[in-house]
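Here is input-v5.txt, consisting of compact mmCIF, C-alpha atoms and all ligand atoms:
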```txt
# COMPACT_ATOMS: atom_id res chain seq x y z
CA MET A 1204 -8.78 29.68 -14.98
CA SER A 1205 -11.17 28.36 -12.36
CA THR A 1206 -10.38 24.85 -11.10
CA LEU A 1207 -13.98 23.99 -12.01
CA GLU A 1208 -13.37 24.28 -15.74
CA PRO A 1209 -11.70 21.49 -17.71
CA LYS A 1210 -8.19 22.40 -18.91
CA TYR A 1211 -7.44 19.37 -21.05
CA HIS A 1212 -9.22 17.15 -23.50
CA ILE A 1213 -8.47 13.61 -22.33
CA PRO A 1214 -6.91 11.63 -23.91
CA GLY A 1215 -4.75 13.96 -26.00
CA PRO A 1216 -3.80 12.74 -29.50
CA LYS A 1217 -0.41 11.26 -28.57
CA SER A 1218 -1.83 9.47 -25.54
CA ALA A 1219 -4.68 8.10 -27.67
CA GLU A 1220 -2.23 6.72 -30.23
CA LEU A 1221 -0.03 5.03 -27.63
CA LEU A 1222 -3.03 3.66 -25.73
CA ALA A 1223 -4.23 2.03 -28.95
CA LEU A 1224 -0.79 0.42 -29.40
CA SER A 1225 -0.87 -0.74 -25.79
CA ASP A 1226 -4.31 -2.30 -26.29
CA THR A 1227 -3.04 -4.14 -29.35
CA TYR A 1228 0.29 -5.43 -28.09
CA GLU A 1229 0.06 -5.56 -24.32
CA PRO A 1230 -3.62 -5.45 -23.45
CA GLY A 1231 -4.35 -5.11 -19.77
CA CYS A 1232 -0.67 -4.41 -19.01
CA THR A 1233 -1.71 -1.86 -16.43
CA SER A 1234 -4.91 -1.07 -14.62
CA GLN A 1235 -4.35 2.47 -15.87
CA GLN A 1236 -7.46 4.40 -15.05
CA ALA A 1237 -7.34 7.90 -16.50
CA PRO A 1238 -6.61 7.43 -20.23
CA ILE A 1239 -3.26 9.20 -20.43
CA VAL A 1240 0.32 8.08 -21.09
CA TRP A 1241 2.98 9.41 -18.75
CA ASP A 1242 6.04 11.06 -20.25
CA HIS A 1243 8.05 12.47 -17.35
CA ALA A 1244 7.60 13.58 -13.76
CA ALA A 1245 9.29 15.65 -11.06
CA GLY A 1246 8.41 15.81 -7.39
CA CYS A 1247 4.65 15.80 -7.19
CA ARG A 1248 4.03 16.69 -10.84
CA VAL A 1249 3.52 14.48 -13.86
CA TRP A 1250 3.44 15.42 -17.56
CA ASP A 1251 1.75 13.25 -20.16
CA VAL A 1252 3.01 12.74 -23.72
CA ASP A 1253 0.74 15.56 -24.90
CA GLY A 1254 2.44 18.01 -22.54
CA ASN A 1255 -0.49 18.21 -20.07
CA GLU A 1256 0.63 18.75 -16.48
CA TYR A 1257 -0.96 17.12 -13.42
CA ILE A 1258 -0.57 17.08 -9.67
CA ASP A 1259 -0.07 13.42 -8.85
CA TRP A 1260 -2.19 11.74 -6.16
CA THR A 1261 -1.05 8.24 -7.13
CA SER A 1262 2.73 8.19 -6.46
CA GLY A 1263 2.80 5.63 -9.28
CA VAL A 1264 0.56 3.63 -6.92
CA LEU A 1265 2.25 4.40 -3.63
CA VAL A 1266 5.80 3.86 -4.82
CA THR A 1267 7.57 7.17 -5.44
CA ASN A 1268 7.47 8.29 -1.82
CA VAL A 1269 10.47 10.65 -2.15
CA GLY A 1270 8.88 12.27 -5.18
CA HIS A 1271 9.35 11.56 -8.85
CA CYS A 1272 12.97 11.77 -10.02
CA HIS A 1273 14.25 13.32 -6.80
CA PRO A 1274 17.71 14.68 -7.80
CA GLN A 1275 19.55 12.87 -4.99
CA HIS A 1276 17.78 9.59 -5.77
CA VAL A 1277 18.65 9.94 -9.46
CA GLU A 1278 22.26 10.80 -8.63
CA TYR A 1279 22.78 7.68 -6.44
CA ILE A 1280 21.21 5.49 -9.13
CA ARG A 1281 23.28 7.03 -11.96
CA GLU A 1282 26.49 6.66 -10.01
CA GLN A 1283 25.76 3.04 -9.15
CA ALA A 1284 24.66 2.15 -12.70
CA GLY A 1285 28.08 3.22 -13.98
CA ARG A 1286 29.95 1.14 -11.39
CA LEU A 1287 28.34 -2.27 -10.76
CA LEU A 1288 24.98 -3.82 -11.60
CA ASN A 1289 24.66 -7.43 -10.48
CA PRO A 1290 27.13 -9.72 -8.73
CA TYR A 1291 24.30 -12.13 -7.59
CA ASP A 1292 26.09 -14.57 -5.29
CA PHE A 1293 28.50 -12.02 -3.81
CA PRO A 1294 27.79 -9.38 -1.20
CA THR A 1295 28.45 -5.73 -2.01
CA PRO A 1296 29.05 -2.78 0.31
CA GLU A 1297 25.67 -1.33 -0.73
CA ARG A 1298 23.85 -4.53 0.19
CA VAL A 1299 25.42 -5.21 3.57
CA THR A 1300 25.14 -1.61 4.73
CA LEU A 1301 21.52 -1.48 3.59
CA ALA A 1302 20.74 -4.66 5.53
CA ARG A 1303 22.21 -3.01 8.62
CA ARG A 1304 20.23 0.21 8.08
CA LEU A 1305 16.98 -1.72 7.66
CA VAL A 1306 17.58 -3.77 10.79
CA GLU A 1307 18.32 -0.55 12.70
CA LEU A 1308 15.18 1.09 11.35
CA THR A 1309 12.82 -1.67 12.46
CA PRO A 1310 11.87 -2.94 15.96
CA ASP A 1311 14.80 -4.50 17.79
CA ASN A 1312 13.41 -8.03 17.72
CA LEU A 1313 13.93 -7.92 13.92
CA ASP A 1314 17.66 -8.53 13.65
CA ASN A 1315 17.96 -10.16 10.21
CA CYS A 1316 17.16 -9.00 6.72
CA PHE A 1317 16.79 -10.67 3.32
CA MET A 1318 16.73 -8.53 0.19
CA LEU A 1319 14.28 -9.16 -2.64
CA THR A 1320 12.88 -7.28 -5.60
CA THR A 1321 9.07 -7.25 -5.39
CA GLY A 1322 6.47 -7.08 -2.65
CA SER A 1323 5.01 -10.44 -3.68
CA GLU A 1324 8.42 -12.04 -3.23
CA ALA A 1325 8.63 -10.56 0.27
CA THR A 1326 5.23 -11.91 1.35
CA GLU A 1327 6.00 -15.31 -0.23
CA ALA A 1328 9.32 -15.37 1.59
CA ALA A 1329 7.60 -14.56 4.90
CA MET A 1330 5.22 -17.47 4.44
CA ARG A 1331 8.08 -19.85 3.59
CA VAL A 1332 10.02 -18.85 6.70
CA ALA A 1333 6.93 -19.13 8.92
CA ARG A 1334 6.11 -22.60 7.59
CA ARG A 1335 9.67 -23.84 7.87
CA TYR A 1336 10.16 -22.49 11.39
CA THR A 1337 6.91 -23.79 12.80
CA GLY A 1338 6.74 -27.00 10.75
CA ARG A 1339 3.06 -26.15 10.30
CA HIS A 1340 1.25 -25.10 7.15
CA GLU A 1341 -1.92 -23.06 7.78
CA ILE A 1342 -1.82 -19.31 7.31
CA ILE A 1343 -4.48 -16.86 8.41
CA SER A 1344 -5.21 -13.76 6.38
CA PHE A 1345 -8.10 -11.31 6.19
CA TRP A 1346 -11.21 -10.56 4.16
CA GLY A 1347 -10.14 -7.98 1.59
CA GLY A 1348 -6.41 -8.55 2.17
CA PHE A 1349 -3.92 -8.22 -0.66
CA HIS A 1350 -0.38 -9.58 -0.60
CA GLY A 1351 0.63 -9.89 -4.25
CA ARG A 1352 -0.05 -11.91 -7.41
CA THR A 1353 2.25 -14.93 -7.17
CA TYR A 1354 0.53 -18.17 -6.17
CA GLY A 1355 1.12 -18.18 -2.44
CA ALA A 1356 0.51 -14.46 -2.09
CA MET A 1357 -2.57 -14.63 -4.29
CA SER A 1358 -3.92 -17.55 -2.28
CA MET A 1359 -3.80 -15.39 0.82
CA ALA A 1360 -5.90 -12.67 -0.81
CA GLY A 1361 -9.24 -12.11 0.81
CA LYS A 1362 -10.45 -10.62 -2.43
CA MET A 1363 -12.22 -12.57 -5.13
CA GLY A 1364 -10.93 -10.26 -7.89
CA THR A 1365 -7.35 -11.35 -7.23
CA LYS A 1366 -7.88 -15.09 -7.52
CA LYS A 1367 -11.03 -15.65 -9.56
CA ASN A 1368 -10.64 -18.64 -11.95
CA PHE A 1369 -7.00 -19.17 -10.97
CA GLY A 1370 -7.61 -22.13 -8.64
CA PRO A 1371 -6.70 -24.43 -7.06
CA LEU A 1372 -5.05 -22.23 -4.47
CA MET A 1373 -2.35 -23.00 -1.94
CA PRO A 1374 -3.87 -25.26 0.72
CA GLY A 1375 -4.19 -24.07 4.30
CA CYS A 1376 -5.53 -20.53 3.80
CA ILE A 1377 -7.97 -19.29 6.42
CA TYR A 1378 -9.65 -15.89 6.18
CA LEU A 1379 -10.86 -13.77 9.09
CA PRO A 1380 -12.93 -10.56 8.93
CA TYR A 1381 -10.95 -7.31 8.71
CA PRO A 1382 -12.49 -4.37 10.57
CA TYR A 1383 -13.99 -2.50 7.62
CA CYS A 1384 -15.97 -0.39 10.07
CA PHE A 1385 -17.69 1.76 7.44
CA ARG A 1386 -19.33 -1.46 6.23
CA CYS A 1387 -19.21 -3.59 9.36
CA PRO A 1388 -20.67 -7.00 8.42
CA PHE A 1389 -21.95 -7.30 12.00
CA ARG A 1390 -23.63 -3.86 11.86
CA LEU A 1391 -21.67 -2.72 14.91
CA HIS A 1392 -19.98 0.56 15.74
CA PRO A 1393 -16.22 0.58 16.51
CA ASP A 1394 -16.73 2.68 19.68
CA GLU A 1395 -18.80 -0.02 21.33
CA CYS A 1396 -18.21 -3.30 19.47
CA GLY A 1397 -15.39 -4.52 21.78
CA PHE A 1398 -13.60 -5.70 18.60
CA PHE A 1399 -16.37 -8.25 18.08
CA CYS A 1400 -14.91 -9.46 14.76
CA LEU A 1401 -11.74 -10.54 16.51
CA GLU A 1402 -12.85 -11.41 20.02
CA GLN A 1403 -16.11 -13.20 19.25
CA PHE A 1404 -15.93 -14.32 15.65
CA ALA A 1405 -12.35 -15.21 14.67
CA ASP A 1406 -12.09 -18.40 16.74
CA ARG A 1407 -15.41 -19.63 15.35
CA ILE A 1408 -14.03 -19.40 11.81
CA ILE A 1409 -10.85 -21.14 12.88
CA GLU A 1410 -12.86 -23.92 14.54
CA VAL A 1411 -14.57 -24.76 11.28
CA SER A 1412 -11.63 -24.10 8.90
CA SER A 1413 -8.43 -25.24 10.57
CA THR A 1414 -7.02 -28.76 10.71
CA GLY A 1415 -5.17 -27.75 13.87
CA ASP A 1416 -1.97 -26.91 12.00
CA LEU A 1417 -1.86 -23.11 12.26
CA ALA A 1418 1.51 -21.53 11.47
CA ALA A 1419 1.12 -17.80 10.97
CA LEU A 1420 -1.06 -14.80 10.38
CA ILE A 1421 -0.43 -12.17 7.70
CA ILE A 1422 -2.02 -8.72 7.69
CA GLU A 1423 -1.65 -5.23 6.21
CA PRO A 1424 -1.67 -2.35 8.73
CA TYR A 1425 -4.31 -0.76 6.53
CA GLN A 1426 -5.86 -2.50 3.58
CA GLY A 1427 -4.47 -0.97 0.40
CA GLY A 1428 -6.07 -2.85 -2.48
CA SER A 1429 -9.44 -3.05 -0.78
CA GLY A 1430 -9.81 0.69 -0.38
CA PHE A 1431 -7.49 2.26 2.19
CA ILE A 1432 -9.35 0.69 5.10
CA PHE A 1433 -7.91 1.43 8.55
CA PRO A 1434 -8.66 -0.71 11.61
CA PRO A 1435 -9.84 1.15 14.71
CA ASP A 1436 -7.12 2.29 17.15
CA GLY A 1437 -5.86 -0.55 19.31
CA TRP A 1438 -7.17 -3.32 17.05
CA LEU A 1439 -3.78 -4.23 15.57
CA SER A 1440 -2.04 -4.42 18.95
CA ARG A 1441 -4.86 -6.60 20.23
CA LEU A 1442 -4.46 -8.78 17.14
CA GLN A 1443 -0.75 -9.12 17.84
CA GLU A 1444 -1.54 -10.36 21.37
CA TRP A 1445 -4.25 -12.64 20.02
CA ALA A 1446 -1.72 -14.19 17.61
CA LYS A 1447 0.77 -14.67 20.44
CA GLU A 1448 -1.86 -16.35 22.61
CA ARG A 1449 -2.36 -18.87 19.77
CA ASP A 1450 1.37 -19.35 19.14
CA LEU A 1451 1.17 -17.87 15.63
CA ILE A 1452 3.96 -16.13 13.76
CA PHE A 1453 2.81 -12.54 13.23
CA ILE A 1454 3.64 -11.30 9.71
CA LEU A 1455 3.06 -7.63 9.00
CA ASP A 1456 2.82 -6.75 5.31
CA GLU A 1457 4.12 -3.17 5.11
CA VAL A 1458 4.88 -3.38 1.39
CA GLN A 1459 2.57 -0.42 0.87
CA SER A 1460 2.35 1.29 4.25
CA SER A 1461 6.06 1.81 5.00
CA PHE A 1462 8.57 4.56 4.24
CA GLY A 1463 6.64 7.50 5.58
CA ARG A 1464 3.33 6.82 3.89
CA THR A 1465 1.17 6.92 7.04
CA GLY A 1466 3.02 9.81 8.68
CA LYS A 1467 5.53 7.56 10.45
CA MET A 1468 8.50 5.84 8.86
CA LEU A 1469 6.73 2.48 9.41
CA ALA A 1470 3.02 2.08 10.07
CA LEU A 1471 3.81 -0.30 12.93
CA GLU A 1472 5.09 2.70 14.93
CA HIS A 1473 1.53 3.96 15.48
CA GLU A 1474 0.92 1.08 17.92
CA ASP A 1475 4.49 -0.03 18.65
CA LEU A 1476 3.89 -3.38 16.99
CA ARG A 1477 6.61 -6.01 17.04
CA PRO A 1478 5.88 -8.45 14.24
CA ASN A 1479 8.00 -11.59 13.93
CA LEU A 1480 8.33 -10.98 10.19
CA LEU A 1481 7.98 -7.70 8.33
CA CYS A 1482 7.57 -7.29 4.55
CA LEU A 1483 8.80 -4.09 2.90
CA GLY A 1484 8.48 -3.01 -0.74
CA LYS A 1485 7.28 -0.19 -2.99
CA GLY A 1486 8.49 3.03 -1.25
CA ILE A 1487 11.77 1.42 -0.15
CA GLY A 1488 13.17 1.88 -3.68
CA SER A 1489 10.84 4.75 -4.58
CA GLY A 1490 10.54 3.45 -8.17
CA VAL A 1491 13.49 1.08 -8.45
CA PRO A 1492 12.21 -2.49 -7.82
CA THR A 1493 13.29 -3.28 -4.27
CA ALA A 1494 11.83 -5.27 -1.40
CA ALA A 1495 12.98 -6.83 1.83
CA LEU A 1496 11.96 -9.31 4.47
CA LEU A 1497 12.93 -8.34 8.02
CA ALA A 1498 12.94 -11.25 10.44
CA GLU A 1499 13.85 -12.51 13.87
CA SER A 1500 17.11 -14.46 13.47
CA ARG A 1501 15.66 -17.51 15.26
CA LEU A 1502 13.18 -17.75 12.37
CA MET A 1503 15.70 -17.10 9.59
CA GLN A 1504 18.04 -19.72 11.00
CA SER A 1505 15.49 -22.40 10.13
CA LEU A 1506 16.56 -21.98 6.48
CA GLY A 1507 19.87 -23.34 5.24
CA PRO A 1508 22.26 -21.38 2.99
CA GLY A 1509 20.84 -20.84 -0.51
CA GLU A 1510 17.37 -22.09 0.41
CA MET A 1511 16.05 -18.64 -0.26
CA SER A 1512 17.50 -16.74 -3.17
CA SER A 1513 16.55 -14.31 -5.90
CA THR A 1514 18.71 -13.36 -8.89
CA THR A 1515 18.21 -9.62 -8.59
CA GLY A 1516 17.39 -9.41 -4.87
CA GLY A 1517 19.81 -7.00 -3.20
CA ASN A 1518 21.29 -5.87 -6.53
CA PRO A 1519 23.48 -2.77 -6.20
CA LEU A 1520 21.11 -0.54 -8.15
CA SER A 1521 18.17 -1.32 -5.86
CA CYS A 1522 20.37 -0.94 -2.80
CA ALA A 1523 21.70 2.43 -3.99
CA ALA A 1524 18.11 3.58 -4.56
CA ALA A 1525 17.09 2.44 -1.07
CA HIS A 1526 20.09 4.19 0.52
CA ALA A 1527 19.06 7.38 -1.28
CA VAL A 1528 15.48 6.97 -0.02
CA LEU A 1529 16.65 6.56 3.57
CA ASP A 1530 18.92 9.62 3.31
CA ILE A 1531 16.23 11.80 1.71
CA MET A 1532 13.58 10.67 4.21
CA ALA A 1533 15.83 11.72 7.08
CA GLU A 1534 17.18 14.94 5.55
CA GLU A 1535 13.77 16.22 4.46
CA ASN A 1536 11.83 14.68 7.35
CA LEU A 1537 9.31 13.25 4.92
CA PRO A 1538 7.32 11.14 7.41
CA GLU A 1539 6.56 14.39 9.26
CA ASN A 1540 5.60 16.16 6.02
CA SER A 1541 3.31 13.23 5.30
CA ARG A 1542 1.71 13.56 8.74
CA ARG A 1543 1.31 17.33 8.59
CA ILE A 1544 0.05 17.70 5.02
CA GLY A 1545 -2.04 14.55 5.37
CA GLU A 1546 -3.80 16.01 8.41
CA TYR A 1547 -4.64 19.18 6.45
CA MET A 1548 -5.90 17.25 3.41
CA LEU A 1549 -7.92 14.77 5.46
CA GLY A 1550 -9.51 17.60 7.46
CA ARG A 1551 -10.73 19.31 4.31
CA LEU A 1552 -11.83 16.09 2.64
CA GLN A 1553 -13.79 15.01 5.73
CA LYS A 1554 -15.64 18.35 5.67
CA LEU A 1555 -16.41 17.71 2.02
CA ALA A 1556 -17.79 14.27 2.93
CA GLU A 1557 -20.15 15.92 5.47
CA GLU A 1558 -21.35 18.28 2.76
CA VAL A 1559 -21.78 15.95 -0.23
CA GLU A 1560 -23.84 12.79 0.33
CA VAL A 1561 -22.25 10.59 -2.35
CA LEU A 1562 -18.85 11.04 -0.76
CA GLY A 1563 -19.68 8.51 1.94
CA ASP A 1564 -16.40 8.40 3.81
CA ALA A 1565 -13.02 10.12 3.90
CA ARG A 1566 -10.47 8.26 6.03
CA GLY A 1567 -6.75 7.88 6.33
CA LYS A 1568 -3.47 8.56 8.07
CA GLY A 1569 -0.62 10.63 6.70
CA LEU A 1570 -0.67 10.68 2.92
CA VAL A 1571 -2.87 7.67 2.42
CA ILE A 1572 -6.47 8.78 2.32
CA GLY A 1573 -9.43 6.95 0.82
CA LEU A 1574 -12.53 8.70 -0.54
CA GLU A 1575 -15.35 6.16 -0.67
CA PHE A 1576 -18.24 6.97 -3.00
CA VAL A 1577 -21.76 5.64 -2.40
CA LYS A 1578 -25.16 6.05 -4.05
CA ASP A 1579 -26.59 7.40 -0.78
CA MET A 1580 -25.86 7.28 2.93
CA GLU A 1581 -28.92 5.18 3.69
CA SER A 1582 -28.05 2.15 1.57
CA LEU A 1583 -24.25 2.76 1.39
CA GLU A 1584 -24.50 1.09 -2.01
CA PRO A 1585 -21.07 1.44 -3.65
CA ALA A 1586 -20.92 3.89 -6.58
CA PRO A 1587 -18.08 2.82 -8.94
CA ASP A 1588 -19.69 4.82 -11.78
CA ILE A 1589 -19.46 8.08 -9.79
CA THR A 1590 -15.88 7.18 -8.88
CA GLU A 1591 -14.96 6.86 -12.56
CA GLU A 1592 -16.59 10.18 -13.30
CA VAL A 1593 -14.49 11.78 -10.57
CA ILE A 1594 -11.29 10.31 -12.04
CA MET A 1595 -12.04 11.75 -15.50
CA ARG A 1596 -13.17 15.16 -14.27
CA CYS A 1597 -10.10 15.50 -12.03
CA CYS A 1598 -7.81 14.47 -14.87
CA GLU A 1599 -9.34 17.08 -17.19
CA ARG A 1600 -8.61 19.67 -14.50
CA GLY A 1601 -4.98 18.66 -13.89
CA LEU A 1602 -5.30 16.26 -10.95
CA LEU A 1603 -4.29 12.66 -11.41
CA VAL A 1604 -6.16 10.16 -9.23
CA GLY A 1605 -6.92 6.46 -9.39
CA LYS A 1606 -9.52 4.17 -7.89
CA VAL A 1607 -9.20 1.13 -5.75
CA GLY A 1608 -11.37 -0.84 -3.37
CA PHE A 1609 -13.31 -4.01 -2.88
CA TYR A 1610 -16.11 -2.43 -4.93
CA GLY A 1611 -13.93 -0.12 -7.11
CA ASN A 1612 -15.50 2.90 -5.44
CA VAL A 1613 -12.60 4.44 -3.51
CA ILE A 1614 -10.40 7.25 -4.82
CA ARG A 1615 -6.79 7.09 -3.68
CA VAL A 1616 -5.32 10.24 -2.20
CA ALA A 1617 -1.66 9.24 -2.05
CA PRO A 1618 0.66 11.91 -3.42
CA PRO A 1619 4.45 11.68 -3.13
CA LEU A 1620 5.46 12.68 0.40
CA VAL A 1621 7.26 15.79 -0.89
CA ILE A 1622 3.94 17.48 -1.68
CA THR A 1623 3.96 21.14 -0.64
CA GLU A 1624 1.21 23.02 1.21
CA GLU A 1625 0.44 24.94 -1.96
CA GLN A 1626 0.11 21.77 -4.06
CA ALA A 1627 -2.03 20.19 -1.35
CA GLU A 1628 -4.35 23.19 -1.28
CA GLN A 1629 -4.55 23.48 -5.05
CA SER A 1630 -5.27 19.77 -5.54
CA VAL A 1631 -7.90 19.57 -2.78
CA ASP A 1632 -9.58 22.62 -4.40
CA ILE A 1633 -9.84 20.66 -7.64
CA MET A 1634 -11.23 17.58 -5.91
CA ALA A 1635 -13.73 19.68 -3.94
CA ALA A 1636 -14.93 21.43 -7.07
CA VAL A 1637 -15.35 18.11 -8.88
CA VAL A 1638 -17.18 16.42 -6.00
CA ARG A 1639 -19.52 19.40 -5.57
CA SER A 1640 -20.29 19.33 -9.28
CA LEU A 1641 -21.47 15.70 -9.30
N1 LIG B 1701 1.47 -6.42 -0.35
C1 LIG B 1701 0.80 -5.27 -0.40
C2 LIG B 1701 0.16 -4.74 0.85
C3 LIG B 1701 0.67 -4.55 -1.60
O1 LIG B 1701 -0.02 -3.41 -1.63
C4 LIG B 1701 1.30 -5.07 -2.75
C5 LIG B 1701 1.23 -4.34 -4.09
N2 LIG B 1701 0.15 -3.55 -4.30
C6 LIG B 1701 2.01 -6.28 -2.66
C7 LIG B 1701 2.08 -6.93 -1.45
C8 LIG B 1701 2.67 -6.88 -3.87
O2 LIG B 1701 3.75 -6.13 -4.28
P1 LIG B 1701 4.33 -6.26 -5.76
O3 LIG B 1701 3.30 -5.76 -6.70
O4 LIG B 1701 5.58 -5.43 -5.73
O5 LIG B 1701 4.63 -7.70 -5.98
```

For the file at hand, write its structure as structure tokens.
Amino acid sequence: MSTLEPKYHIPGPKSAELLALSDTYEPGCTSQQAPIVWDHAAGCRVWDVDGNEYIDWTSGVLVTNVGHCHPQHVEYIREQAGRLLNPYDFPTPERVTLARRLVELTPDNLDNCFMLTTGSEATEAAMRVARRYTGRHEIISFWGGFHGRTYGAMSMAGKMGTKKNFGPLMPGCIYLPYPYCFRCPFRLHPDECGFFCLEQFADRIIEVSSTGDLAALIIEPYQGGSGFIFPPDGWLSRLQEWAKERDLIFILDEVQSSFGRTGKMLALEHEDLRPNLLCLGKGIGSGVPTAALLAESRLMQSLGPGEMSSTTGGNPLSCAAAHAVLDIMAEENLPENSRRIGEYMLGRLQKLAEEVEVLGDARGKGLVIGLEFVKDMESLEPAPDITEEVIMRCCERGLLVGKVGFYGNVIRVAPPLVITEEQAEQSVDIMAAVVRSL
């Protein structure tokens, strides 16, 4: 059957029934976008409760980096579940050896680790440490930034959608422009702007917003929630220097970008960044809730024993899952697969963007690629309606995608990192056929 023709009627009857139950009893529990209910998954494939099979471009929203239900991952988790689940206040071999592996994985200035369960906890923890260490309270973040849904993390969001009608927010939040070059608010081009947003504009915002009590800066290496937006090369290392010049703690939020996603184990490797605090999450457990804060010991020492704690942080099940992820990443060289397959997919998708006007931009690194849809290239007006159409048409043809973005007009291309060349080719064929048919 041609990839142009729909294969499935969406939603199937079982999905429709369960979606109705979900709407009744847990409305809004997910931001589920294609109307299907997942049943099981393996590698890069997902089956819904009606038995329809899809190639997955979501990774359960950038989580299952080693692939769904990777046999080795499942085996470590099963073994651990039968042995020990939660000793809370006591260390376990899994926890201490994981802490060592994470410290060894990250830049050598990061010599301490603290285990948590969610990404929001990790960004909250980073802010606590930065405030305690500096004795100051203001934290800089970026337009469009996303760091989680708890109050501190939400307050740092540079995105109205995250915090609308939830005020008052944590005091001391200051927002600077992120280089969203496709929609540069200064109408400049990255090749010749001299990083205007940072060099010429940032201090002006600080002058009018800060009380002179700046503690830290938190940033994502690429913006996830706002639409897979990548800063131009060199911008992040310049930002790191800029933060140092102002005596700020530099917090890098790699909750989404780590564990091979961008074609390197950590996104910071692209520019050899050395943050003072590093937040990890999502892919670290590849589906088992796990997160970690990596820190310079001088910063961690500002907290006394028990001042930071989390009931399930560092639990043996999460640690076993993370050990499995680290082993699989190394044995299967998944960051390299992410780089290689990502390059192929991005190349084809960029050609498609040249051909079809409403696909305004295709951008990314490794297996995190954003497809930004617009009404036309003149106005660049965001086209969330077209984006939704693409999601449905892809789903009917066996490709599972979701949307994201400041304007809800960006399709996520983020398959598990185990995607094969054949699956990459087959899935890009579906997307190309759908985009050409718009
Ligand atoms: N930071 C970033 C960059 C994220 O993408 C997310 C989740 N999308 C978080 C923090 C929050 O993680 P969690 O949902 O696990 O709390």

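Distances from A:Gln1275, A:Ser1218, A:Gln1553, A:Ser1225 to Ala1237 of chain A were compared using all atoms listed in the file, and the smallest one belongs to A:Ser1218.
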
*asked:* For ligand LIG 1701 (chain B), return the neighbouring residues as a PyMOL selection string (distance at most 6 Å; only C-alpha atoms and all ligand atoms).
replied: chain A and resi 1321-1323+1349-1351+1423+1427+1456+1458-1459

_Applying 12 Å and all atoms listed in the file, which residues near Val1559 of chain A remain after dropping the ones on its own chain fewer than 2 positions away? List them as a count of residues only._
25

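Proximity of A:Arg1566, A:His1212, A:Lys1606, A:Arg1596 to Met1634 of chain A, computed with all atoms listed in the file, is greatest for A:Arg1596.
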
*asked:* Which residue is closest to Asn1312 of chain A? Choose from A:Leu1207, A:Cys1396, A:Ile1487, A:Leu1502 and count only C-alpha atoms.
replied: A:Leu1502

*Measuring atom to atom with all atoms listed in the file, identify which of A:Ile1422, A:Leu1481, A:Val1299, A:Val1411 is nearest to Met1359 of chain A.*
A:Ile1422

_Which of A:Ser1461, A:Ser1541, A:Thr1590, A:Ser1358 sits closest to Gly1375 of chain A [using all atoms listed in the file]_ = A:Ser1358

_Set the distance at 9 Å and use all atoms listed in the file: which residues neighbour Val1528 of chain A once local chain neighbours fewer than 5 positions away are removed? I'd like the list as an MDAnalysis selection string._
chainID A and resid 1268:1269 1275:1276 1462 1486:1489 1523 1533

*What lies within 12 Å of Phe1385 of chain A using only C-alpha atoms, ignoring chain neighbours under 2 positions off, as a ChimeraX atom specification?*
/A:1381-1383,1387-1393,1430-1435,1563-1566,1573-1577,1580,1582-1585

Residues near Leu1602 of chain A, cut-off 8 Å, all atoms listed in the file, skip fewer than 5 positions along chain, as a PDB file with C-alpha atoms, in the frame of the given file:
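New file part-v3.pdb:
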```pdb
ATOM      1  CA  TYR A1257      -0.960  17.120 -13.420  1.00  0.00           C
ATOM      2  CA  ILE A1258      -0.570  17.080  -9.670  1.00  0.00           C
ATOM      3  CA  ASP A1259      -0.070  13.420  -8.850  1.00  0.00           C
ATOM      4  CA  TRP A1260      -2.190  11.740  -6.160  1.00  0.00           C
ATOM      5  CA  CYS A1597     -10.100  15.500 -12.030  1.00  0.00           C
ATOM      6  CA  SER A1630      -5.270  19.770  -5.540  1.00  0.00           C
ATOM      7  CA  ILE A1633      -9.840  20.660  -7.640  1.00  0.00           C
ATOM      8  CA  MET A1634     -11.230  17.580  -5.910  1.00  0.00           C
TER       9      MET A1634
END
```

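Between Val1613 of chain A and the residues A:Gly1428, A:Leu1451, A:Asn1479, A:Met1548, the shortest atom-to-atom distance, using all atoms listed in the file, involves A:Gly1428.
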
*Write out as a PyMOL selection string the residues lying within 12 Å of Pro1371 of chain A, counting only C-alpha atoms and excluding same-chain residues fewer than 6 positions away.*
chain A and resi 1354-1355+1357-1358

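One distance worth recording is that between atom CA of Asp1251 of chain A and atom CA of Gly1263 of chain A, which is 13.3 Å.
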